[in-house]
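Here is the structure we will look at.
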Amino acid sequence: MAVNGPGNGDVNSILVYVGLDLVGDGLIKLPFVRALRDAYPTARITWLAGKGRSVFNGALKNVVVGLIDEVIERDDIGVSWSEVLRNPMPGRSFDLIIDTQKGALASLALRRIRHKAIVSPFANFLLSSCRPPTGYRVRKNLQRDLFDLVEIASCTQQSMTSGMIVPIASSLRDVAAQLL
């Protein structure tokens, strides 16, 4: 996909916004997290669950070691129209913000956070500084939509299959073998 995103050369910090992550959400988003790390191997990635908890700070915490550098939960971003009038994360700035949601409230609030570039699928990328090519349509496949966000931001093609492989520690394999 040819896009006009910032690429991956000057991106040192990334904020990824999600509403919340339960175990199923985390498993679906894990390939996206791996693709994002592959596209930006040296960037500091902050995962923001603006409306609730994140499984990446709980049950799947060990799975994202080395992939996500910081997880912020329940920061109340995307819950009130008053957020649009102020910076919901004063004192923080990011080279790239990736909004995984399609709602107006969170997208407008995220634009108030200091950033160099933002990718947001809201209103067909209307508020994004990085946009997909003309004629792009959001699909009805969450994983493909998430990979598209990485492609739009990084100007690179992302293989969905490479992100599907989850490394499992040998100690966990041994425990699983004993249980099964």
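Note on naming: chains are A, B, ... as they come in the structure tokens, residues start from 1 per chain, ligands start from 1 in the order shown.
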
Note to self: For Gly103 in chain A, find every residue with an atom within 10 Å (counting only C-alpha atoms), except residues of its own chain fewer than 6 positions away, and show them as a VMD selection string.
What the structure shows: chain A and resid 78 120 to 123

Next item on the list: Name all residues at most 9 Å from range 13-21 of chain A (count only C-alpha atoms; drop same-chain ones fewer than 4 positions away) and give them as JSON, numbers by chain.
Entry: {"A": [25, 26, 29, 40, 42, 43, 44, 45, 46, 47, 48, 49, 50, 51, 52, 53, 54, 55, 56, 73, 74, 77, 78, 93, 94, 95, 96, 97, 98, 99, 100, 101, 106, 110]}

Check: Just how far from CA of Glu70 in chain A is CA of Arg92 in chain A, in Å to one decimal?
Finding: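 So the answer is 13.0 Å.
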
Item checked: Given only C-alpha atoms as the counted atoms, nearest of A:Leu108, A:Ala59, A:Val119, A:Val65 to Val79 in chain A -> A:Leu108

Checklist line | DSSP helix (DSSP H, G or I) residues within chain A, as a PyMOL selection string | finding: chain A and resi 23-39+55-57+62-64+81-85+104-110+122-125+142-154+160-164+170-179

Checklist line | Close residues, Leu146 in chain A itself excluded, 9 Å, only C-alpha atoms, min 2 positions apart in chain, as a ChimeraX atom specification | finding: /A:29,31-32,100,141-144,148-151

Item checked: Minimum-distance residue to Asp10 in chain A, chosen among A:Phe125, A:Asp76, A:Ala39, A:Val63 (using only C-alpha atoms) -> A:Ala39

Next item on the list: Write out as an MDAnalysis selection string all residues of range 80-159 of chain A that DSSP puts in strand (DSSP E or B) for this structure's backbone.
Entry: chainID A and resid 93:99 114:119

Would you put the residues from that selection into a file with C-alpha atoms, as an mmCIF file, in the first residue's frame?
```cif
data_model
loop_
_atom_site.group_PDB
_atom_site.id
_atom_site.type_symbol
_atom_site.label_atom_id
_atom_site.label_comp_id
_atom_site.auth_asym_id
_atom_site.auth_seq_id
_atom_site.Cartn_x
_atom_site.Cartn_y
_atom_site.Cartn_z
ATOM 1 C CA SER A 93 4.569 14.172 23.558
ATOM 2 C CA PHE A 94 4.894 11.492 20.920
ATOM 3 C CA ASP A 95 6.342 11.337 17.454
ATOM 4 C CA LEU A 96 3.441 9.159 16.322
ATOM 5 C CA ILE A 97 -0.036 8.492 17.703
ATOM 6 C CA ILE A 98 -1.986 5.519 16.370
ATOM 7 C CA ASP A 99 -5.696 5.558 17.206
ATOM 8 C CA ARG A 114 1.499 16.854 21.458
ATOM 9 C CA HIS A 115 2.594 14.819 18.434
ATOM 10 C CA LYS A 116 4.344 15.010 15.079
ATOM 11 C CA ALA A 117 2.015 12.619 13.226
ATOM 12 C CA ILE A 118 -1.261 10.844 13.920
ATOM 13 C CA VAL A 119 -3.058 7.971 12.225
#
```

Checklist line | One-decimal distance in Å that lies between CA of Ala109 in chain A and CA of Asn124 in chain A | finding: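 We find that CA of Asn124 in chain A and CA of Ala109 in chain A lie 17.0 Å from each other.
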